[in-house]
$ cat model_3.cif   # mmCIF, C-alpha atoms; chains and numbers go by the auth columns
data_protein
#
loop_
_atom_site.group_PDB
_atom_site.id
_atom_site.type_symbol
_atom_site.label_atom_id
_atom_site.label_comp_id
_atom_site.label_asym_id
_atom_site.label_seq_id
_atom_site.Cartn_x
_atom_site.Cartn_y
_atom_site.Cartn_z
_atom_site.B_iso_or_equiv
_atom_site.auth_seq_id
_atom_site.auth_asym_id
ATOM 1 C CA MET A 1 -30.549 51.665 13.767 0.00 15 A
ATOM 2 C CA ALA A 2 -33.012 50.281 16.288 0.00 16 A
ATOM 3 C CA LEU A 3 -31.833 47.346 18.342 0.00 17 A
ATOM 4 C CA MET A 4 -34.014 44.239 18.604 0.00 18 A
ATOM 5 C CA LEU A 5 -33.957 43.072 22.189 0.00 19 A
ATOM 6 C CA ALA A 6 -34.739 39.448 22.981 0.00 20 A
ATOM 7 C CA VAL A 7 -37.845 38.990 25.094 0.00 21 A
ATOM 8 C CA PRO A 8 -36.936 36.973 28.188 0.00 22 A
ATOM 9 C CA ALA A 9 -38.768 33.699 28.594 0.00 23 A
ATOM 10 C CA GLN A 10 -41.518 33.702 31.199 0.00 24 A
ATOM 11 C CA ALA A 11 -40.431 32.111 34.454 0.00 25 A
ATOM 12 C CA VAL A 12 -42.137 28.821 35.283 0.00 26 A
ATOM 13 C CA ASP A 13 -43.609 28.484 38.758 0.00 27 A
ATOM 14 C CA SER A 14 -42.705 25.092 40.233 0.00 28 A
ATOM 15 C CA ALA A 15 -46.171 24.560 41.705 0.00 29 A
ATOM 16 C CA ARG A 16 -47.796 25.224 38.338 0.00 30 A
ATOM 17 C CA LEU A 17 -45.335 22.868 36.652 0.00 31 A
ATOM 18 C CA ASP A 18 -46.302 20.156 39.144 0.00 32 A
ATOM 19 C CA ALA A 19 -49.983 20.840 38.445 0.00 33 A
ATOM 20 C CA PHE A 20 -49.309 20.595 34.712 0.00 34 A
ATOM 21 C CA LEU A 21 -47.607 17.224 35.170 0.00 35 A
ATOM 22 C CA GLU A 22 -50.580 16.018 37.220 0.00 36 A
ATOM 23 C CA VAL A 23 -52.777 16.767 34.214 0.00 37 A
ATOM 24 C CA ALA A 24 -50.371 14.804 32.025 0.00 38 A
ATOM 25 C CA ARG A 25 -50.413 11.840 34.414 0.00 39 A
ATOM 26 C CA ALA A 26 -54.205 11.798 34.427 0.00 40 A
ATOM 27 C CA GLN A 27 -54.075 11.554 30.619 0.00 41 A
ATOM 28 C CA GLY A 28 -51.622 8.643 30.643 0.00 42 A
ATOM 29 C CA CYS A 29 -48.756 11.054 29.879 0.00 43 A
ATOM 30 C CA VAL A 30 -50.216 11.697 26.418 0.00 44 A
ATOM 31 C CA ILE A 31 -52.453 14.774 26.226 0.00 45 A
ATOM 32 C CA HIS A 32 -54.347 14.268 22.984 0.00 46 A
ATOM 33 C CA ASP A 33 -55.854 17.766 22.668 0.00 47 A
ATOM 34 C CA LEU A 34 -53.475 19.932 24.650 0.00 48 A
ATOM 35 C CA ASP A 35 -55.232 23.291 24.364 0.00 49 A
ATOM 36 C CA ALA A 36 -58.730 22.037 25.173 0.00 50 A
ATOM 37 C CA THR A 37 -57.563 19.825 28.028 0.00 51 A
ATOM 38 C CA LEU A 38 -55.500 22.546 29.660 0.00 52 A
ATOM 39 C CA ARG A 39 -58.320 25.078 29.441 0.00 53 A
ATOM 40 C CA GLU A 40 -60.578 22.626 31.270 0.00 54 A
ATOM 41 C CA GLU A 41 -57.892 22.163 33.926 0.00 55 A
ATOM 42 C CA GLY A 42 -57.441 25.877 34.605 0.00 56 A
ATOM 43 C CA PHE A 43 -54.473 26.649 32.346 0.00 57 A
ATOM 44 C CA ALA A 44 -56.049 29.512 30.416 0.00 58 A
ATOM 45 C CA ASP A 45 -52.926 31.696 30.195 0.00 59 A
ATOM 46 C CA ARG A 46 -51.342 30.942 26.812 0.00 60 A
ATOM 47 C CA ALA A 47 -48.021 32.504 27.831 0.00 61 A
ATOM 48 C CA GLU A 48 -47.833 30.305 30.915 0.00 62 A
ATOM 49 C CA VAL A 49 -48.614 27.159 28.913 0.00 63 A
ATOM 50 C CA ASN A 50 -46.014 28.040 26.293 0.00 64 A
ATOM 51 C CA ALA A 51 -43.439 28.625 29.021 0.00 65 A
ATOM 52 C CA ILE A 52 -44.139 25.269 30.688 0.00 66 A
ATOM 53 C CA VAL A 53 -44.161 23.321 27.428 0.00 67 A
ATOM 54 C CA GLY A 54 -41.067 25.169 26.250 0.00 68 A
ATOM 55 C CA LYS A 55 -39.214 24.272 29.426 0.00 69 A
ATOM 56 C CA LEU A 56 -40.160 20.600 29.147 0.00 70 A
ATOM 57 C CA GLU A 57 -39.165 20.520 25.478 0.00 71 A
ATOM 58 C CA ALA A 58 -35.850 22.247 26.205 0.00 72 A
ATOM 59 C CA GLN A 59 -35.142 19.578 28.819 0.00 73 A
ATOM 60 C CA ARG A 60 -36.175 16.882 26.285 0.00 74 A
ATOM 61 C CA LYS A 61 -38.947 15.796 28.621 0.00 75 A
ATOM 62 C CA ALA A 62 -41.858 16.444 26.257 0.00 76 A
ATOM 63 C CA SER A 63 -42.665 16.549 22.556 0.00 77 A
ATOM 64 C CA ARG A 64 -45.416 18.380 20.679 0.00 78 A
ATOM 65 C CA LEU A 65 -47.097 16.207 18.047 0.00 79 A
ATOM 66 C CA GLY A 66 -49.652 18.378 16.275 0.00 80 A
ATOM 67 C CA PRO A 67 -52.332 19.311 18.821 0.00 81 A
ATOM 68 C CA ALA A 68 -51.011 16.737 21.293 0.00 82 A
ATOM 69 C CA LEU A 69 -48.230 16.648 23.855 0.00 83 A
ATOM 70 C CA LEU A 70 -46.327 13.552 24.905 0.00 84 A
ATOM 71 C CA VAL A 71 -44.573 13.858 28.270 0.00 85 A
ATOM 72 C CA ARG A 72 -41.712 11.419 28.619 0.00 86 A
ATOM 73 C CA SER A 73 -41.839 8.813 31.327 0.00 87 A
ATOM 74 C CA ASP A 74 -38.960 10.222 33.388 0.00 88 A
ATOM 75 C CA ALA A 75 -40.897 13.479 33.830 0.00 89 A
ATOM 76 C CA CYS A 76 -44.341 11.939 34.084 0.00 90 A
ATOM 77 C CA ARG A 77 -43.691 8.916 36.267 0.00 91 A
ATOM 78 C CA ARG A 78 -45.196 8.794 39.710 0.00 92 A
ATOM 79 C CA GLY A 79 -45.412 5.916 42.108 0.00 93 A
ATOM 80 C CA ASP A 80 -49.101 5.143 41.568 0.00 94 A
ATOM 81 C CA GLY A 81 -49.063 3.507 38.157 0.00 95 A
ATOM 82 C CA PRO A 82 -47.310 2.886 34.844 0.00 96 A
ATOM 83 C CA THR A 83 -46.972 5.591 32.227 0.00 97 A
ATOM 84 C CA GLY A 84 -48.473 5.405 28.764 0.00 98 A
ATOM 85 C CA ARG A 85 -45.111 4.482 27.280 0.00 99 A
ATOM 86 C CA GLU A 86 -44.698 1.678 29.809 0.00 100 A
ATOM 87 C CA ARG A 87 -48.162 0.360 28.963 0.00 101 A
ATOM 88 C CA LEU A 88 -47.360 0.252 25.253 0.00 102 A
ATOM 89 C CA LEU A 89 -44.037 -1.444 25.971 0.00 103 A
ATOM 90 C CA ALA A 90 -45.884 -4.021 28.083 0.00 104 A
ATOM 91 C CA VAL A 91 -48.119 -4.863 25.118 0.00 105 A
ATOM 92 C CA LEU A 92 -45.140 -5.276 22.807 0.00 106 A
ATOM 93 C CA GLY A 93 -43.284 -7.267 25.439 0.00 107 A
ATOM 94 C CA GLN A 94 -45.984 -9.940 25.549 0.00 108 A
ATOM 95 C CA ALA A 95 -44.324 -11.614 22.568 0.00 109 A
ATOM 96 C CA GLU A 96 -40.901 -13.192 22.944 0.00 110 A
ATOM 97 C CA ASP A 97 -39.568 -11.200 19.999 0.00 111 A
ATOM 98 C CA CYS A 98 -41.430 -8.018 21.069 0.00 112 A
ATOM 99 C CA ALA A 99 -43.497 -7.931 17.882 0.00 113 A
ATOM 100 C CA GLN A 100 -47.265 -7.571 17.647 0.00 114 A
ATOM 101 C CA PRO A 101 -49.619 -7.896 14.650 0.00 115 A
ATOM 102 C CA LEU A 102 -51.113 -4.495 13.924 0.00 116 A
ATOM 103 C CA ASP A 103 -54.623 -5.943 13.640 0.00 117 A
ATOM 104 C CA ARG A 104 -54.426 -7.036 17.289 0.00 118 A
ATOM 105 C CA LEU A 105 -52.541 -4.088 18.702 0.00 119 A
ATOM 106 C CA TYR A 106 -55.468 -1.812 19.543 0.00 120 A
ATOM 107 C CA HIS A 107 -57.426 -4.474 21.424 0.00 121 A
ATOM 108 C CA LYS A 108 -54.375 -5.032 23.571 0.00 122 A
ATOM 109 C CA VAL A 109 -53.438 -1.405 24.194 0.00 123 A
ATOM 110 C CA GLU A 110 -56.980 -0.615 25.321 0.00 124 A
ATOM 111 C CA ALA A 111 -56.770 -3.568 27.692 0.00 125 A
ATOM 112 C CA HIS A 112 -53.696 -1.862 29.153 0.00 126 A
ATOM 113 C CA GLY A 113 -55.499 1.429 29.721 0.00 127 A
ATOM 114 C CA LEU A 114 -54.495 3.341 26.587 0.00 128 A
ATOM 115 C CA THR A 115 -56.833 4.797 24.010 0.00 129 A
ATOM 116 C CA ARG A 116 -56.131 4.315 20.319 0.00 130 A
ATOM 117 C CA ALA A 117 -55.243 7.989 20.019 0.00 131 A
ATOM 118 C CA GLN A 118 -52.724 7.733 22.856 0.00 132 A
ATOM 119 C CA ALA A 119 -51.212 4.589 21.342 0.00 133 A
ATOM 120 C CA ASP A 120 -50.873 6.273 17.947 0.00 134 A
ATOM 121 C CA LEU A 121 -49.074 9.249 19.473 0.00 135 A
ATOM 122 C CA LEU A 122 -46.706 7.020 21.419 0.00 136 A
ATOM 123 C CA ARG A 123 -46.081 4.923 18.334 0.00 137 A
ATOM 124 C CA ALA A 124 -45.241 8.019 16.265 0.00 138 A
ATOM 125 C CA GLU A 125 -42.833 9.219 18.941 0.00 139 A
ATOM 126 C CA MET A 126 -41.096 5.844 19.253 0.00 140 A
ATOM 127 C CA GLU A 127 -40.898 5.307 15.490 0.00 141 A
ATOM 128 C CA GLY A 128 -39.329 8.738 15.146 0.00 142 A
ATOM 129 C CA ARG A 129 -36.633 7.699 17.605 0.00 143 A
ATOM 130 C CA GLY A 130 -36.028 4.360 15.883 0.00 144 A
ATOM 131 C CA GLU A 131 -37.417 2.353 18.812 0.00 145 A
ATOM 132 C CA LEU A 132 -40.269 0.851 16.787 0.00 146 A
ATOM 133 C CA VAL A 133 -40.183 -0.458 13.241 0.00 147 A
ATOM 134 C CA ALA A 134 -42.817 -1.968 10.990 0.00 148 A
ATOM 135 C CA GLY A 135 -42.209 -5.519 9.787 0.00 149 A
ATOM 136 C CA ASP A 136 -41.300 -6.239 6.180 0.00 150 A
ATOM 137 C CA ASP A 137 -44.882 -7.324 5.515 0.00 151 A
ATOM 138 C CA GLY A 138 -46.262 -4.092 6.983 0.00 152 A
ATOM 139 C CA ALA A 139 -48.578 -6.128 9.196 0.00 153 A
ATOM 140 C CA THR A 140 -46.493 -6.217 12.375 0.00 154 A
ATOM 141 C CA LEU A 141 -44.877 -3.717 14.695 0.00 155 A
ATOM 142 C CA ARG A 142 -41.565 -4.674 16.279 0.00 156 A
ATOM 143 C CA LEU A 143 -39.708 -3.134 19.197 0.00 157 A
ATOM 144 C CA ALA A 144 -35.976 -2.553 18.827 0.00 158 A
ATOM 145 C CA ALA A 145 -33.846 -5.221 20.493 0.00 159 A
ATOM 146 C CA ALA A 146 -32.357 -2.737 22.981 0.00 160 A
ATOM 147 C CA GLN A 147 -35.788 -2.159 24.558 0.00 161 A
ATOM 148 C CA CYS A 148 -37.125 -5.714 24.335 0.00 162 A
ATOM 149 C CA ALA A 149 -35.812 -7.022 27.675 0.00 163 A
ATOM 150 C CA ASP A 150 -37.321 -4.095 29.589 0.00 164 A
ATOM 151 C CA ALA A 151 -40.586 -4.495 27.685 0.00 165 A
ATOM 152 C CA ARG A 152 -40.838 -8.150 28.651 0.00 166 A
ATOM 153 C CA GLN A 153 -40.338 -7.241 32.313 0.00 167 A
ATOM 154 C CA LEU A 154 -43.118 -4.668 32.042 0.00 168 A
ATOM 155 C CA ALA A 155 -45.371 -7.246 30.373 0.00 169 A
ATOM 156 C CA ALA A 156 -44.948 -9.459 33.427 0.00 170 A
ATOM 157 C CA SER A 157 -45.835 -6.674 35.858 0.00 171 A
ATOM 158 C CA ILE A 158 -48.648 -4.731 34.117 0.00 172 A
ATOM 159 C CA THR A 159 -51.931 -6.634 34.048 0.00 173 A
ATOM 160 C CA PRO A 160 -54.243 -6.038 31.076 0.00 174 A
ATOM 161 C CA HIS A 161 -57.935 -5.328 31.618 0.00 175 A
ATOM 162 C CA PRO A 162 -59.988 -7.964 29.739 0.00 176 A
ATOM 163 C CA GLU A 163 -63.232 -5.959 29.626 0.00 177 A
ATOM 164 C CA GLN A 164 -61.577 -3.006 27.909 0.00 178 A
ATOM 165 C CA ALA A 165 -59.937 -5.390 25.448 0.00 179 A
ATOM 166 C CA PHE A 166 -63.203 -7.141 24.611 0.00 180 A
ATOM 167 C CA LEU A 167 -65.170 -3.910 24.179 0.00 181 A
ATOM 168 C CA ALA A 168 -62.541 -2.597 21.772 0.00 182 A
ATOM 169 C CA PHE A 169 -62.666 -5.914 19.907 0.00 183 A
ATOM 170 C CA ILE A 170 -66.461 -6.115 19.624 0.00 184 A
ATOM 171 C CA ALA A 171 -66.664 -2.452 18.575 0.00 185 A
ATOM 172 C CA SER A 172 -64.456 -3.275 15.593 0.00 186 A
ATOM 173 C CA HIS A 173 -67.086 -5.892 14.617 0.00 187 A
ATOM 174 C CA GLY A 174 -70.018 -3.488 14.705 0.00 188 A
ATOM 175 C CA CYS A 175 -70.873 -4.346 18.333 0.00 189 A
ATOM 176 C CA ARG A 176 -72.294 -7.761 17.409 0.00 190 A
ATOM 177 C CA MET A 177 -71.048 -11.248 16.565 0.00 191 A
ATOM 178 C CA GLY A 178 -72.631 -14.639 15.918 0.00 192 A
ATOM 179 C CA ARG A 179 -72.063 -17.300 18.548 0.00 193 A
ATOM 180 C CA ARG A 180 -70.500 -19.657 15.974 0.00 194 A
ATOM 181 C CA ASP A 181 -67.912 -17.046 15.014 0.00 195 A
ATOM 182 C CA HIS A 182 -67.178 -15.949 18.545 0.00 196 A
ATOM 183 C CA ASP A 183 -64.552 -18.413 19.770 0.00 197 A
ATOM 184 C CA GLY A 184 -62.404 -18.341 16.655 0.00 198 A
ATOM 185 C CA ALA A 185 -62.517 -14.562 16.324 0.00 199 A
ATOM 186 C CA VAL A 186 -61.631 -14.013 19.987 0.00 200 A
ATOM 187 C CA ALA A 187 -58.636 -16.333 19.773 0.00 201 A
ATOM 188 C CA GLU A 188 -57.516 -14.812 16.474 0.00 202 A
ATOM 189 C CA ALA A 189 -57.608 -11.341 18.039 0.00 203 A
ATOM 190 C CA GLY A 190 -55.219 -12.502 20.753 0.00 204 A
ATOM 191 C CA LEU A 191 -57.721 -12.189 23.606 0.00 205 A
ATOM 192 C CA ASP A 192 -57.875 -14.607 26.517 0.00 206 A
ATOM 193 C CA PRO A 193 -60.940 -16.815 25.770 0.00 207 A
ATOM 194 C CA ALA A 194 -61.631 -17.681 29.414 0.00 208 A
ATOM 195 C CA ALA A 195 -61.385 -14.081 30.584 0.00 209 A
ATOM 196 C CA THR A 196 -63.501 -12.958 27.636 0.00 210 A
ATOM 197 C CA ASP A 197 -66.269 -15.415 28.547 0.00 211 A
ATOM 198 C CA ILE A 198 -66.356 -13.911 32.034 0.00 212 A
ATOM 199 C CA VAL A 199 -66.596 -10.425 30.570 0.00 213 A
ATOM 200 C CA ILE A 200 -69.487 -11.466 28.309 0.00 214 A
ATOM 201 C CA GLU A 201 -71.330 -13.016 31.241 0.00 215 A
ATOM 202 C CA LYS A 202 -70.927 -9.769 33.153 0.00 216 A
ATOM 203 C CA LEU A 203 -72.192 -7.652 30.251 0.00 217 A
ATOM 204 C CA VAL A 204 -75.236 -9.886 29.710 0.00 218 A
ATOM 205 C CA SER A 205 -76.081 -10.143 33.418 0.00 219 A
ATOM 206 C CA GLN A 206 -75.937 -6.362 33.787 0.00 220 A
ATOM 207 C CA GLY A 207 -78.148 -5.764 30.754 0.00 221 A
ATOM 208 C CA GLN A 208 -75.358 -4.255 28.681 0.00 222 A
ATOM 209 C CA ALA A 209 -75.510 -7.017 26.067 0.00 223 A
ATOM 210 C CA ILE A 210 -77.929 -9.694 24.847 0.00 224 A
ATOM 211 C CA TYR A 211 -77.978 -12.823 22.719 0.00 225 A
ATOM 212 C CA TYR A 212 -80.461 -12.358 19.890 0.00 226 A
ATOM 213 C CA GLY A 213 -81.750 -14.058 16.744 0.00 227 A
ATOM 214 C CA PRO A 214 -81.535 -17.573 15.305 0.00 228 A
ATOM 215 C CA ASP A 215 -77.733 -17.520 15.359 0.00 229 A
ATOM 216 C CA GLU A 216 -77.754 -16.190 18.939 0.00 230 A
ATOM 217 C CA SER A 217 -75.669 -13.187 17.995 0.00 231 A
ATOM 218 C CA LEU A 218 -74.081 -11.379 20.889 0.00 232 A
ATOM 219 C CA ILE A 219 -75.086 -7.719 20.696 0.00 233 A
ATOM 220 C CA VAL A 220 -73.439 -5.154 22.957 0.00 234 A
ATOM 221 C CA PHE A 221 -75.631 -2.090 23.289 0.00 235 A
ATOM 222 C CA GLU A 222 -74.227 1.012 21.674 0.00 236 A
ATOM 223 C CA GLU A 223 -73.884 3.028 24.873 0.00 237 A
ATOM 224 C CA HIS A 224 -71.534 0.363 26.247 0.00 238 A
ATOM 225 C CA CYS A 225 -69.744 -0.450 22.995 0.00 239 A
ATOM 226 C CA LYS A 226 -66.697 1.749 22.387 0.00 240 A
#

$ encode --input "model_3.cif" --output "structure tokens"
Amino acid sequence: MALMLAVPAQAVDSARLDAFLEVARAQGCVIHDLDATLREEGFADRAEVNAIVGKLEAQRKASRLGPALLVRSDACRRGDGPTGRERLLAVLGQAEDCAQPLDRLYHKVEAHGLTRAQADLLRAEMEGRGELVAGDDGATLRLAAAQCADARQLAASITPHPEQAFLAFIASHGCRMGRRDHDGAVAEAGLDPAATDIVIEKLVSQGQAIYYGPDESLIVFEEHCK
């Protein structure tokens, strides 16, 4: 009877592991399309990629989620900025009870430097670990009490970017909005009205947006509207 010998796992070079983590950091610790991103970054050897990902997964430092990879903050953290997880926690920590309405969540996460895709991956990971739960009405997302204190500290230290928040907001309204509707809609979305006015002034002054028509609708040109 022939014996089936186990194939030893490929050794992981420490320099290549560091380079891999640099790619993850540049993606906010959430690599949305792992294969395509790694090919662009010079990781063309499938065996090498599998070995690196396998090592991180074995150490519980990363999780595959479909075509994406989420690298946990303890492996991804570096001194030059918050991780994707920390950014999402900062958004949730803005509320005293660490709950956010889902219809406002994406404007806020984009203001904190996360894309919607990155936020969805982080949310799936945290929900799977019981750290996030949907409210009874299905319209809110609440952080578990054990993480709330840390999230509130992060909210105090990570500053949102108002232009990213406004562009995400206006994109969800077809890149235009009547002046009469503007103030109420901005406040309802949870954006800072004063900061948003400054952003709009900047967009108009730089020719990226105009006021147009009898209702003076604000129109953000498509190439600038996410």

$ axis_aligned_box --input "model_3.cif" --around "region 211-215 of chain A" --padding-each-side "6 Å" --output "JSON"
{"center_x": -68.8, "center_y": -12.9, "center_z": 30.2, "size_x": 17.1, "size_y": 17.0, "size_z": 15.7}

$ resolve_selection --input "model_3.cif" --expression "the PyMOL selection byres ((chain A and resi 235) around 9)" --output "short mmCIF file (atom, residue, chain, number, x, y, z; two decimals) with C-alpha atoms, in the coordinates of the input"
data_model
loop_
_atom_site.label_atom_id
_atom_site.label_comp_id
_atom_site.auth_asym_id
_atom_site.auth_seq_id
_atom_site.Cartn_x
_atom_site.Cartn_y
_atom_site.Cartn_z
CA CYS A 189 -70.87 -4.35 18.33
CA ARG A 190 -72.29 -7.76 17.41
CA GLY A 221 -78.15 -5.76 30.75
CA GLN A 222 -75.36 -4.26 28.68
CA ALA A 223 -75.51 -7.02 26.07
CA ILE A 224 -77.93 -9.69 24.85
CA ILE A 233 -75.09 -7.72 20.70
CA VAL A 234 -73.44 -5.15 22.96
CA GLU A 236 -74.23 1.01 21.67
CA GLU A 237 -73.88 3.03 24.87
CA HIS A 238 -71.53 0.36 26.25
CA CYS A 239 -69.74 -0.45 23.00
#

$ atom_distance --input "model_3.cif" --atom1 "CA of Ile172 (chain A)" --atom2 "CA of Pro81 (chain A)"
28.7 Å

$ resolve_selection --input "model_3.cif" --expression "the PyMOL selection byres ((chain A and resi 152) around 12)" --output "list in words"
Ala113, Gln114, Pro115, Leu116, Asp117, Val147, Ala148, Gly149, Asp150, Asp151, Ala153, Thr154, Leu155 and Arg156 of chain A

$ residues_around --input "model_3.cif" --residues "region 229-231 of chain A" --least-positions-apart "5" --cutoff "9 Å" --atoms "all atoms listed in the file" --output "ChimeraX atom specification"
/A:190-194,196,224

$ resolve_selection --input "model_3.cif" --expression "the PyMOL selection byres ((chain A and resi 31-34) around 9)" --output "PDB file with C-alpha atoms, in the coordinates of the input"
ATOM      1  CA  VAL A  26     -42.137  28.821  35.283  1.00  0.00           C
ATOM      2  CA  ASP A  27     -43.609  28.484  38.758  1.00  0.00           C
ATOM      3  CA  SER A  28     -42.705  25.092  40.233  1.00  0.00           C
ATOM      4  CA  ALA A  29     -46.171  24.560  41.705  1.00  0.00           C
ATOM      5  CA  ARG A  30     -47.796  25.224  38.338  1.00  0.00           C
ATOM      6  CA  LEU A  35     -47.607  17.224  35.170  1.00  0.00           C
ATOM      7  CA  GLU A  36     -50.580  16.018  37.220  1.00  0.00           C
ATOM      8  CA  VAL A  37     -52.777  16.767  34.214  1.00  0.00           C
ATOM      9  CA  ALA A  38     -50.371  14.804  32.025  1.00  0.00           C
ATOM     10  CA  ARG A  39     -50.413  11.840  34.414  1.00  0.00           C
ATOM     11  CA  LEU A  52     -55.500  22.546  29.660  1.00  0.00           C
ATOM     12  CA  GLU A  55     -57.892  22.163  33.926  1.00  0.00           C
ATOM     13  CA  PHE A  57     -54.473  26.649  32.346  1.00  0.00           C
ATOM     14  CA  VAL A  63     -48.614  27.159  28.913  1.00  0.00           C
ATOM     15  CA  ILE A  66     -44.139  25.269  30.688  1.00  0.00           C
TER      16      ILE A  66
END

$ atom_distance --input "model_3.cif" --atom1 "CA of Ala185 (chain A)" --atom2 "CA of Gly80 (chain A)"
27.0 Å

$ closest_residue --input "model_3.cif" --among "A:Ala201, A:Ala179, A:Leu70, A:Val44" --to "Asp134 (chain A)" --atoms "all atoms listed in the file"
A:Val44

$ atom_distance --input "model_3.cif" --atom1 "CA of Val85 (chain A)" --atom2 "CA of Gln108 (chain A)"
24.0 Å

$ residues_around --input "model_3.cif" --residues "Arg143 (chain A)" --least-positions-apart "6" --cutoff "12 Å" --atoms "all atoms listed in the file" --output "list of chain:residue names"
A:Ser77, A:Leu136, A:Arg137, A:Leu157, A:Ala158

$ decode --input "model_3.cif" --residues "region 55-90 of chain A" --atoms "C-alpha atoms" --output "JSON list (two decimals), in the first residue's frame"
[["chain", "number", "residue", "atom", "x", "y", "z"],
["A", 55, "GLU", "CA", 2.01, 44.61, -5.47],
["A", 56, "GLY", "CA", 4.37, 41.92, -6.76],
["A", 57, "PHE", "CA", 2.96, 38.85, -5.00],
["A", 58, "ALA", "CA", 2.47, 36.70, -8.08],
["A", 59, "ASP", "CA", 3.52, 33.39, -6.51],
["A", 60, "ARG", "CA", 0.31, 31.67, -5.40],
["A", 61, "ALA", "CA", 2.18, 29.25, -3.13],
["A", 62, "GLU", "CA", 3.90, 32.12, -1.35],
["A", 63, "VAL", "CA", 0.61, 33.99, -0.86],
["A", 64, "ASN", "CA", -1.09, 30.87, 0.47],
["A", 65, "ALA", "CA", 1.78, 30.30, 2.89],
["A", 66, "ILE", "CA", 1.64, 33.87, 4.21],
["A", 67, "VAL", "CA", -2.15, 33.91, 4.55],
["A", 68, "GLY", "CA", -2.09, 30.45, 6.09],
["A", 69, "LYS", "CA", 0.43, 31.55, 8.68],
["A", 70, "LEU", "CA", -1.59, 34.63, 9.60],
["A", 71, "GLU", "CA", -4.79, 32.59, 9.82],
["A", 72, "ALA", "CA", -3.10, 29.93, 11.96],
["A", 73, "GLN", "CA", -1.98, 32.68, 14.33],
["A", 74, "ARG", "CA", -5.54, 34.11, 14.29],
["A", 75, "LYS", "CA", -4.20, 37.34, 12.87],
["A", 76, "ALA", "CA", -6.20, 37.33, 9.63],
["A", 77, "SER", "CA", -9.48, 36.05, 8.22],
["A", 78, "ARG", "CA", -10.49, 35.29, 4.64],
["A", 79, "LEU", "CA", -13.95, 36.61, 3.77],
["A", 80, "GLY", "CA", -14.70, 35.54, 0.21],
["A", 81, "PRO", "CA", -12.22, 37.32, -2.07],
["A", 82, "ALA", "CA", -11.14, 39.63, 0.75],
["A", 83, "LEU", "CA", -8.71, 39.39, 3.64],
["A", 84, "LEU", "CA", -9.07, 41.17, 6.96],
["A", 85, "VAL", "CA", -5.83, 41.51, 8.92],
["A", 86, "ARG", "CA", -6.44, 42.00, 12.62],
["A", 87, "SER", "CA", -5.27, 45.18, 14.26],
["A", 88, "ASP", "CA", -2.58, 43.55, 16.42],
["A", 89, "ALA", "CA", -0.82, 42.32, 13.26],
["A", 90, "CYS", "CA", -1.58, 45.33, 11.11]]
